[in-house]
$ cat target.cif   # mmCIF, C-alpha atoms
data_upload
loop_
_atom_site.label_atom_id
_atom_site.label_comp_id
_atom_site.auth_asym_id
_atom_site.auth_seq_id
_atom_site.Cartn_x
_atom_site.Cartn_y
_atom_site.Cartn_z
CA MET A 1 -21.92 23.19 -31.94
CA THR A 2 -22.76 26.46 -33.69
CA THR A 3 -23.71 26.99 -37.32
CA SER A 4 -23.53 30.22 -39.28
CA GLY A 5 -24.16 30.17 -43.00
CA GLN A 6 -21.95 27.55 -44.62
CA ARG A 7 -19.78 27.07 -41.52
CA THR A 8 -20.30 24.76 -38.55
CA VAL A 9 -18.00 25.00 -35.52
CA ILE A 10 -17.70 22.02 -33.17
CA ARG A 11 -16.07 22.89 -29.85
CA ILE A 12 -14.65 20.17 -27.62
CA ALA A 13 -13.43 20.78 -24.07
CA GLY A 14 -11.92 18.72 -21.26
CA GLU A 15 -9.93 15.50 -21.40
CA LEU A 16 -9.76 13.24 -24.44
CA ASP A 17 -8.84 9.79 -23.16
CA ARG A 18 -9.93 6.20 -23.80
CA LEU A 19 -12.88 6.57 -21.42
CA SER A 20 -14.30 9.86 -22.68
CA VAL A 21 -13.76 9.57 -26.42
CA PRO A 22 -16.20 6.68 -27.20
CA ALA A 23 -19.03 8.49 -25.41
CA LEU A 24 -18.12 11.76 -27.11
CA LEU A 25 -18.15 10.19 -30.56
CA ARG A 26 -21.73 9.04 -29.99
CA ARG A 27 -22.80 12.58 -29.08
CA LEU A 28 -21.05 14.53 -31.82
CA PRO A 29 -23.10 15.69 -34.81
CA GLY A 30 -22.97 13.74 -38.05
CA PRO A 31 -22.22 15.25 -41.46
CA GLN A 32 -25.93 15.59 -42.18
CA ASP A 33 -26.21 18.03 -39.26
CA CYS A 34 -23.33 20.21 -40.44
CA SER A 35 -22.74 22.86 -43.08
CA ALA A 36 -20.36 22.61 -46.02
CA GLN A 37 -17.36 23.60 -43.88
CA VAL A 38 -16.78 22.01 -40.48
CA VAL A 39 -14.31 23.66 -38.09
CA LEU A 40 -13.10 21.73 -35.05
CA ASP A 41 -12.11 23.87 -32.06
CA LEU A 42 -9.83 21.99 -29.64
CA SER A 43 -8.58 25.07 -27.78
CA ARG A 44 -10.21 23.98 -24.51
CA VAL A 45 -8.91 20.40 -24.49
CA THR A 46 -6.84 19.97 -21.32
CA PHE A 47 -5.54 16.44 -22.02
CA CYS A 48 -5.19 14.55 -25.28
CA GLY A 49 -4.08 10.93 -25.34
CA LEU A 50 -3.93 8.62 -28.33
CA ALA A 51 -7.69 8.20 -28.07
CA GLY A 52 -7.95 11.94 -28.78
CA LEU A 53 -5.90 11.44 -31.92
CA ASP A 54 -8.28 8.66 -32.96
CA LEU A 55 -11.18 11.07 -32.44
CA LEU A 56 -9.58 13.66 -34.70
CA LEU A 57 -8.99 11.11 -37.46
CA GLU A 58 -12.48 9.63 -37.15
CA LEU A 59 -14.10 13.05 -37.48
CA HIS A 60 -11.92 13.78 -40.51
CA HIS A 61 -13.02 10.47 -42.08
CA ARG A 62 -16.70 11.10 -41.37
CA MET A 63 -16.78 14.66 -42.65
CA THR A 64 -14.61 14.33 -45.74
CA GLY A 65 -16.40 11.10 -46.65
CA ALA A 66 -19.62 13.12 -46.81
CA ALA A 67 -17.99 15.89 -48.90
CA ARG A 68 -17.61 18.31 -45.99
CA ALA A 69 -14.53 20.51 -45.80
CA PHE A 70 -12.94 19.70 -42.43
CA VAL A 71 -10.35 21.84 -40.67
CA VAL A 72 -9.03 22.33 -37.15
CA GLY A 73 -9.51 25.97 -36.24
CA ALA A 74 -7.63 25.99 -32.94
CA ALA A 75 -5.67 23.57 -30.79
CA ASN A 76 -3.43 24.00 -27.80
CA GLY A 77 -0.12 22.43 -26.82
CA THR A 78 -1.51 19.24 -25.32
CA VAL A 79 -3.08 18.29 -28.67
CA LEU A 80 -0.05 19.32 -30.71
CA ARG A 81 2.31 17.26 -28.54
CA THR A 82 0.24 14.12 -29.05
CA VAL A 83 0.16 14.60 -32.81
CA ARG A 84 3.93 15.14 -32.94
CA LEU A 85 4.51 11.94 -30.96
CA SER A 86 2.21 9.95 -33.24
CA ARG A 87 3.68 11.31 -36.50
CA ASP A 88 0.35 10.62 -38.20
CA PRO A 89 0.50 12.55 -41.52
CA VAL A 90 -3.25 13.23 -41.73
CA ALA A 91 -3.44 14.64 -38.22
CA ALA A 92 -0.26 16.66 -38.74
CA GLN A 93 -1.72 18.19 -41.89
CA LEU A 94 -4.94 19.12 -40.09
CA LEU A 95 -3.00 20.84 -37.31
CA ARG A 96 -0.36 22.52 -39.45
CA THR A 97 -1.81 26.02 -39.09
CA CYS A 98 -2.18 25.63 -35.32
CA ALA A 99 1.38 24.32 -35.02
CA ALA A 100 2.68 27.30 -37.00
CA GLU A 101 0.96 29.57 -34.50
CA HIS A 102 2.91 27.95 -31.66
CA ARG A 103 6.22 28.43 -33.45
CA THR A 104 5.88 32.24 -33.66
CA GLU A 105 6.92 32.71 -30.03
CA HIS A 106 9.16 35.74 -30.62
CA SER A 107 6.97 37.97 -32.76
CA PRO A 108 7.79 41.69 -32.39
CA HIS A 109 4.18 42.12 -31.28
CA HIS A 110 4.86 40.10 -28.16
CA ALA A 111 7.31 42.59 -26.69
CA VAL A 112 4.67 45.31 -26.73
CA LEU A 113 2.08 43.00 -25.16
CA LEU A 114 4.51 42.01 -22.38
CA GLU A 115 5.33 45.64 -21.56
CA ALA A 116 1.64 46.54 -21.55
CA LEU A 117 0.87 43.64 -19.18
CA ALA A 118 3.63 44.67 -16.78
CA PHE A 119 2.39 48.27 -16.70
CA ALA A 120 -1.24 47.18 -16.21
CA GLN A 121 -0.30 45.03 -13.22
CA ARG A 122 1.79 47.79 -11.65
CA THR A 123 -1.01 50.31 -12.12
CA THR A 124 -3.82 48.16 -10.71
CA GLY A 125 -1.85 46.11 -8.19
CA ALA A 126 -3.42 42.97 -9.67
CA PRO A 127 -1.31 39.92 -8.70
CA LEU A 128 -2.39 37.84 -11.70
CA GLY A 129 -2.21 38.61 -15.38
CA ASN A 130 -1.63 37.30 -18.88
CA ALA A 131 -0.86 38.59 -22.35
CA GLN A 132 -2.36 36.89 -25.39
CA ALA A 133 -1.33 37.32 -29.01
CA TYR A 134 -3.98 37.12 -31.72
CA ASP A 135 -3.47 34.87 -34.71
CA PRO A 136 -5.66 35.95 -37.66
CA ALA A 137 -5.14 32.62 -39.44
CA THR A 138 -6.95 30.70 -36.69
CA GLY A 139 -8.98 33.50 -35.12
CA ALA A 140 -7.63 32.52 -31.70
CA LEU A 141 -5.80 34.17 -28.83
CA ARG A 142 -2.80 32.39 -27.32
CA ILE A 143 -1.04 33.12 -24.04
CA VAL A 144 2.50 34.39 -24.61
CA ARG A 145 3.23 35.52 -21.05
CA GLN A 146 1.58 35.06 -17.69
CA ARG A 147 2.18 35.93 -14.06
CA GLY A 148 0.80 34.07 -11.08
CA PHE A 149 -1.16 31.26 -12.71
CA ALA A 150 -0.69 27.49 -12.34
CA ARG A 151 -1.01 24.74 -14.93
CA PRO A 152 -4.81 24.08 -14.83
CA PHE A 153 -5.58 27.70 -15.74
CA LEU A 154 -2.83 27.87 -18.36
CA SER A 155 -3.91 24.62 -20.01
CA PHE A 156 -7.56 25.66 -20.17
CA PHE A 157 -6.93 29.19 -21.47
CA GLU A 158 -3.84 28.43 -23.56
CA THR A 159 -5.85 29.27 -26.68
CA VAL A 160 -9.17 31.11 -26.71
CA SER A 161 -11.52 31.51 -29.65
CA ASP A 162 -14.96 31.73 -27.99
CA ARG A 163 -16.91 34.22 -25.86
CA GLU A 164 -16.79 32.36 -22.55
CA SER A 165 -14.18 34.67 -21.03
CA THR A 166 -13.49 38.39 -20.79
CA CYS A 167 -10.50 38.07 -23.12
CA GLY A 168 -12.57 36.32 -25.79
CA VAL A 169 -15.31 38.96 -25.66
CA ALA A 170 -12.77 41.80 -25.61
CA ALA A 171 -11.11 40.36 -28.72
CA GLN A 172 -14.32 39.82 -30.66
CA ASP A 173 -15.99 43.10 -29.67
CA ARG A 174 -12.78 45.17 -29.84
CA CYS A 175 -13.52 46.89 -26.53
CA PRO A 176 -12.39 46.62 -22.87
CA ILE A 177 -14.33 44.24 -20.65
CA TYR A 178 -14.47 44.64 -16.87
CA VAL A 179 -15.94 42.01 -14.55
CA GLU A 180 -16.06 42.93 -10.87
CA GLU A 181 -17.60 39.72 -9.54
CA VAL A 182 -16.80 36.64 -11.59
CA THR A 183 -19.24 34.28 -9.86
CA SER A 184 -22.29 36.43 -10.67
CA SER A 185 -21.27 37.70 -14.11
CA PRO A 186 -23.62 36.64 -16.95
CA LEU A 187 -20.52 36.23 -19.09
CA TYR A 188 -19.33 33.29 -16.98
CA LEU A 189 -22.50 31.73 -15.61
CA GLY A 190 -22.94 28.14 -16.78
CA THR A 191 -19.50 27.94 -18.42
CA ALA A 192 -16.54 25.66 -17.78
CA SER A 193 -14.43 28.83 -17.55
CA LEU A 194 -16.12 29.73 -14.26
CA ASP A 195 -14.98 26.50 -12.58
CA VAL A 196 -11.39 27.12 -13.68
CA LEU A 197 -11.40 30.71 -12.39
CA CYS A 198 -12.92 29.73 -9.05
CA ASP A 199 -10.19 27.14 -8.54
CA VAL A 200 -7.42 29.78 -8.85
CA PRO A 201 -9.27 31.75 -7.34
CA VAL A 202 -10.08 34.75 -9.55
CA GLY A 203 -12.75 37.13 -8.26
CA SER A 204 -12.49 40.01 -10.75
CA VAL A 205 -10.86 40.52 -14.14
CA ALA A 206 -10.25 43.24 -16.72
CA SER A 207 -9.36 42.48 -20.35
CA LEU A 208 -8.19 45.07 -22.86
CA PRO A 209 -7.74 44.53 -26.59
CA ILE A 210 -4.61 46.03 -28.14
CA LEU A 211 -5.60 47.43 -31.52
CA GLY A 212 -3.18 48.58 -34.21
CA PRO A 213 -3.94 50.87 -37.15
CA ALA A 214 -7.40 50.41 -38.67
CA ASP A 215 -8.44 48.58 -35.48
CA VAL A 216 -6.43 45.48 -36.38
CA LEU A 217 -6.36 43.21 -33.33
CA ILE A 218 -2.83 42.56 -32.05
CA GLY A 219 -3.73 40.80 -28.81
CA VAL A 220 -5.34 41.12 -25.38
CA ILE A 221 -3.92 41.83 -21.95
CA SER A 222 -5.85 40.78 -18.84
CA VAL A 223 -5.32 41.49 -15.16
CA HIS A 224 -6.98 39.50 -12.38
CA ARG A 225 -7.60 39.84 -8.66
CA HIS A 226 -8.23 37.00 -6.26
CA ARG A 227 -11.32 38.66 -4.75
CA SER A 228 -14.34 40.41 -6.20
CA SER A 229 -13.49 44.11 -6.42
CA ARG A 230 -14.39 47.32 -8.18
CA TRP A 231 -12.42 48.57 -11.16
CA SER A 232 -12.29 52.31 -10.38
CA GLU A 233 -12.78 55.01 -12.99
CA ASP A 234 -9.11 55.96 -12.59
CA HIS A 235 -8.07 52.39 -13.34
CA ARG A 236 -10.37 52.21 -16.35
CA ARG A 237 -9.04 55.47 -17.78
CA THR A 238 -5.44 54.45 -17.21
CA LEU A 239 -5.90 50.99 -18.72
CA GLY A 240 -7.76 52.45 -21.69
CA ALA A 241 -4.95 54.93 -22.32
CA LEU A 242 -2.41 52.12 -21.99
CA ALA A 243 -4.19 50.01 -24.61
CA ARG A 244 -4.40 52.94 -27.03
CA SER A 245 -0.73 53.84 -26.54
CA ALA A 246 0.37 50.24 -27.07
CA GLY A 247 -1.63 50.04 -30.28
CA GLN A 248 0.01 53.17 -31.64
CA LEU A 249 3.42 51.46 -31.52
CA PHE A 250 2.48 49.28 -34.50
CA PRO A 251 3.03 50.65 -38.01
CA PRO A 252 0.21 50.62 -40.57
CA SER A 253 0.04 47.30 -42.42
#

$ encode --input "target.cif" --output "structure tokens"
Amino acid sequence: MTTSGQRTVIRIAGELDRLSVPALLRRLPGPQDCSAQVVLDLSRVTFCGLAGLDLLLELHHRMTGAARAFVVGAANGTVLRTVRLSRDPVAAQLLRTCAAEHRTEHSPHHAVLLEALAFAQRTTGAPLGNAQAYDPATGALRIVRQRGFARPFLSFFETVSDRESTCGVAAQDRCPIYVEEVTSSPLYLGTASLDVLCDVPVGSVASLPILGPADVLIGVISVHRHRSSRWSEDHRRTLGALARSAGQLFPPS
């Protein structure tokens, strides 16, 4: 949980099933510990059963009953699928913005991100990569194309809105992030992201924000190598030029 001003963000990760949810409910903060607006971040939930839906509705009841504004800031496909199956109107309303994000699969922005990813992989020889589009309504990145990754990675990083990954930091700081040894990087130490990357395995990663006019964030492209390795100055210059060129393809808003 993080609180800034009148906004409290509660982030939940992992599996939401009948065994984990009761224990989680006992550990979550109450309305008295939260600000006027409470934002629930479900972007790192990797499984959501009906017990997860019950959790969402219980939190909504607790917070709105104590006059807190309650919204879901980000949710990935596993949560959305459960809500659609349940047809619960309250849950559907809470996730409407997140669901709209998942329906914009063919945005013109995506074509530029996909071309940039392909060029970045060819240039660096990185076997793994993904392109993420940024949704300003939710403040989250979402994978729109990937190469080389399996389901556990894709489920965990389907949507990203925190700073526990190079892509998240690149998006928030609007600058390229290079990690040459994932297991010793301060960015990943002590995070659930590190376990997911080690399972792939990913040893090094570079993430580049694609910025349009006035530094408006369009998305992030990331390339990954299985082993720890150095990102050379030539690679950094080429990737930086690629990101700038991609950003120039977008007209002023």

$ resolve_selection --input "target.cif" --expression "the PyMOL selection byres ((chain A and resi 90) around 12)" --output "list in words"
Leu53, Asp54, Leu56, Leu57, Glu58, Leu59, His60, His61, Phe70, Val71, Val72, Val83, Arg84, Ser86, Arg87, Asp88, Pro89, Ala91, Ala92, Gln93, Leu94, Leu95 and Arg96 of chain A

$ residues_around --input "target.cif" --residues "A:Leu187" --least-positions-apart "6" --cutoff "9 Å" --atoms "only C-alpha atoms" --output "VMD selection string"
chain A and resid 163 to 166 169 179

$ write_last_selection --input "target.cif" --atoms "C-alpha atoms" --output "JSON list (two decimals), in the frame of the given file"
[["chain", "number", "residue", "atom", "x", "y", "z"],
["A", 163, "ARG", "CA", -16.91, 34.22, -25.86],
["A", 164, "GLU", "CA", -16.79, 32.36, -22.55],
["A", 165, "SER", "CA", -14.18, 34.67, -21.03],
["A", 166, "THR", "CA", -13.49, 38.39, -20.79],
["A", 169, "VAL", "CA", -15.31, 38.96, -25.66],
["A", 179, "VAL", "CA", -15.94, 42.01, -14.55]]

$ residues_around --input "target.cif" --residues "A:Ala118" --least-positions-apart "4" --cutoff "12 Å" --atoms "only C-alpha atoms" --output "PDB file with C-alpha atoms, in the frame of the given file"
ATOM      1  CA  ALA A 111       7.310  42.590 -26.690  1.00  0.00           C
ATOM      2  CA  VAL A 112       4.670  45.310 -26.730  1.00  0.00           C
ATOM      3  CA  LEU A 113       2.080  43.000 -25.160  1.00  0.00           C
ATOM      4  CA  LEU A 114       4.510  42.010 -22.380  1.00  0.00           C
ATOM      5  CA  ARG A 122       1.790  47.790 -11.650  1.00  0.00           C
ATOM      6  CA  THR A 123      -1.010  50.310 -12.120  1.00  0.00           C
ATOM      7  CA  THR A 124      -3.820  48.160 -10.710  1.00  0.00           C
ATOM      8  CA  GLY A 125      -1.850  46.110  -8.190  1.00  0.00           C
ATOM      9  CA  ALA A 126      -3.420  42.970  -9.670  1.00  0.00           C
ATOM     10  CA  PRO A 127      -1.310  39.920  -8.700  1.00  0.00           C
ATOM     11  CA  LEU A 128      -2.390  37.840 -11.700  1.00  0.00           C
ATOM     12  CA  GLY A 129      -2.210  38.610 -15.380  1.00  0.00           C
ATOM     13  CA  ASN A 130      -1.630  37.300 -18.880  1.00  0.00           C
ATOM     14  CA  ALA A 131      -0.860  38.590 -22.350  1.00  0.00           C
ATOM     15  CA  ARG A 145       3.230  35.520 -21.050  1.00  0.00           C
ATOM     16  CA  GLN A 146       1.580  35.060 -17.690  1.00  0.00           C
ATOM     17  CA  ARG A 147       2.180  35.930 -14.060  1.00  0.00           C
ATOM     18  CA  ILE A 221      -3.920  41.830 -21.950  1.00  0.00           C
ATOM     19  CA  SER A 222      -5.850  40.780 -18.840  1.00  0.00           C
ATOM     20  CA  VAL A 223      -5.320  41.490 -15.160  1.00  0.00           C
ATOM     21  CA  LEU A 239      -5.900  50.990 -18.720  1.00  0.00           C
ATOM     22  CA  LEU A 242      -2.410  52.120 -21.990  1.00  0.00           C
TER      23      LEU A 242
END

$ resolve_selection --input "target.cif" --expression "the PyMOL selection byres ((chain A and resi 67) around 12)" --output "PyMOL selection string"
chain A and resi 31-32+34-38+60-66+68-70

$ residues_around --input "target.cif" --residues "stretch 227-238 of chain A" --least-positions-apart "2" --cutoff "9 Å" --atoms "all atoms listed in the file" --output "PDB file with C-alpha atoms, in the frame of the given file"
ATOM      1  CA  ALA A 120      -1.240  47.180 -16.210  1.00  0.00           C
ATOM      2  CA  THR A 123      -1.010  50.310 -12.120  1.00  0.00           C
ATOM      3  CA  THR A 124      -3.820  48.160 -10.710  1.00  0.00           C
ATOM      4  CA  PRO A 176     -12.390  46.620 -22.870  1.00  0.00           C
ATOM      5  CA  TYR A 178     -14.470  44.640 -16.870  1.00  0.00           C
ATOM      6  CA  VAL A 179     -15.940  42.010 -14.550  1.00  0.00           C
ATOM      7  CA  GLU A 180     -16.060  42.930 -10.870  1.00  0.00           C
ATOM      8  CA  GLU A 181     -17.600  39.720  -9.540  1.00  0.00           C
ATOM      9  CA  VAL A 182     -16.800  36.640 -11.590  1.00  0.00           C
ATOM     10  CA  THR A 183     -19.240  34.280  -9.860  1.00  0.00           C
ATOM     11  CA  PRO A 201      -9.270  31.750  -7.340  1.00  0.00           C
ATOM     12  CA  VAL A 202     -10.080  34.750  -9.550  1.00  0.00           C
ATOM     13  CA  GLY A 203     -12.750  37.130  -8.260  1.00  0.00           C
ATOM     14  CA  SER A 204     -12.490  40.010 -10.750  1.00  0.00           C
ATOM     15  CA  VAL A 205     -10.860  40.520 -14.140  1.00  0.00           C
ATOM     16  CA  ALA A 206     -10.250  43.240 -16.720  1.00  0.00           C
ATOM     17  CA  HIS A 224      -6.980  39.500 -12.380  1.00  0.00           C
ATOM     18  CA  ARG A 225      -7.600  39.840  -8.660  1.00  0.00           C
ATOM     19  CA  GLY A 240      -7.760  52.450 -21.690  1.00  0.00           C
ATOM     20  CA  ALA A 241      -4.950  54.930 -22.320  1.00  0.00           C
ATOM     21  CA  LEU A 242      -2.410  52.120 -21.990  1.00  0.00           C
ATOM     22  CA  ALA A 243      -4.190  50.010 -24.610  1.00  0.00           C
TER      23      ALA A 243
END
